[in-house]
Amino acid sequence: MVRWNRGLRQWKTTTLAYFARVSVSTVERIERGERVSDDALDRIAQAFGYEAGYFTTPRLPLGAEQAAASLVDTYSHLEIVPVGPMTTHRAVRDAARCDAVLIHRPEGSDVYDDDIAGLQEWLDLASFILSDPPPSERGRRDLYNDILACVADLERRGLTVLSGVMPAPQDRLPDWKVAVVSITPRLTDPGAAKRRHLMVDRRVVTLPSGPKTT
């Protein structure tokens, strides 16, 4: 579980050891399945953003059917979405041509709220402008450059901005697509710049069902 979480974040063992305030050998022992102290496990859980006790609190054993159902409930809704740095006109264009934008920001800090809201407004504006009739080639380039300037400002403030496109077909909307934009602080997620995939719960991009008509 520790190795899996570290791999998702593209963290080296030294990075996890630093954030958890444990030794590299402690991380290596855990990933080999060797016993370590509960305090070390709690530190590592908190480095991943879990509560203390996540790896140490006793759990009731599940039967085979319950365990299988739990795995299905946890993972069956996840979609692997390819992502990359939002630093090119193509990345901006692909995001702006989607039907919706999902901002992925696992950090709870509200320090960057206004800046992130500004980027979302730019993408919403681009989506509107790129609709019929489309602007001239020069107009598109200027628009893309404005959005890239907004992204560059976020990165100057210590954030990593990644983007990708998630096909999310809906009822009667088979071509529906969602732009996934991941924004994380480099101080707490230094491996984000190397990340090439995100796991997104399909349920968060499902449109609410409207009233049935006859």
# chains A, B, ... in the order shown; residues from 1 in each chain; ligands from 1

call {"tool": "select_by_dssp", "arguments": {"residues": "region 48-170 of chain A", "states": "helix (DSSP H, G or I)", "output": "number ranges by chain"}}
result
A: 64-75, 89-96, 113-129, 137-156

call {"tool": "residues_around", "arguments": {"residues": "region 29-35 of chain A", "least_positions_apart": "6", "cutoff": "9 Å", "atoms": "only C-alpha atoms", "output": "PyMOL selection string"}}
result
chain A and resi 1-3+41

call {"tool": "write_last_selection", "arguments": {"atoms": "N, CA and C atoms", "output": "mmCIF file, in the first residue's frame"}}
result
data_model
loop_
_atom_site.group_PDB
_atom_site.id
_atom_site.type_symbol
_atom_site.label_atom_id
_atom_site.label_comp_id
_atom_site.auth_asym_id
_atom_site.auth_seq_id
_atom_site.Cartn_x
_atom_site.Cartn_y
_atom_site.Cartn_z
ATOM 1 N N MET A 1 0.840 -1.203 0.000
ATOM 2 C CA MET A 1 0.000 0.000 0.000
ATOM 3 C C MET A 1 0.878 1.258 0.000
ATOM 4 N N VAL A 2 1.945 1.242 0.774
ATOM 5 C CA VAL A 2 2.850 2.388 0.829
ATOM 6 C C VAL A 2 3.552 2.562 -0.524
ATOM 7 N N ARG A 3 4.019 1.475 -1.103
ATOM 8 C CA ARG A 3 4.691 1.554 -2.402
ATOM 9 C C ARG A 3 3.725 2.061 -3.473
ATOM 10 N N LEU A 41 4.566 4.266 10.973
ATOM 11 C CA LEU A 41 3.439 4.067 10.050
ATOM 12 C C LEU A 41 2.477 5.249 10.089
#

call {"tool": "closest_residue", "arguments": {"among": "A:Val111, A:Ser76, A:Cys98, A:Leu148", "to": "Leu130 (chain A)", "atoms": "only C-alpha atoms"}}
result
A:Cys98

call {"tool": "atom_distance", "arguments": {"atom1": "CA of Ala69 (chain A)", "atom2": "CA of Thr57 (chain A)"}}
result
21.1 Å

call {"tool": "residues_around", "arguments": {"residues": "Val205 (chain A)", "least_positions_apart": "3", "cutoff": "10 Å", "atoms": "only C-alpha atoms", "output": "JSON, numbers by chain"}}
result
{"A": [100, 101, 102, 166, 167, 168, 169, 170, 176, 177, 178, 200, 201, 202, 208]}

call {"tool": "closest_residue", "arguments": {"among": "A:Arg43, A:Arg90, A:Arg172, A:Arg195", "to": "Ser23 (chain A)", "atoms": "only C-alpha atoms"}}
result
A:Arg43
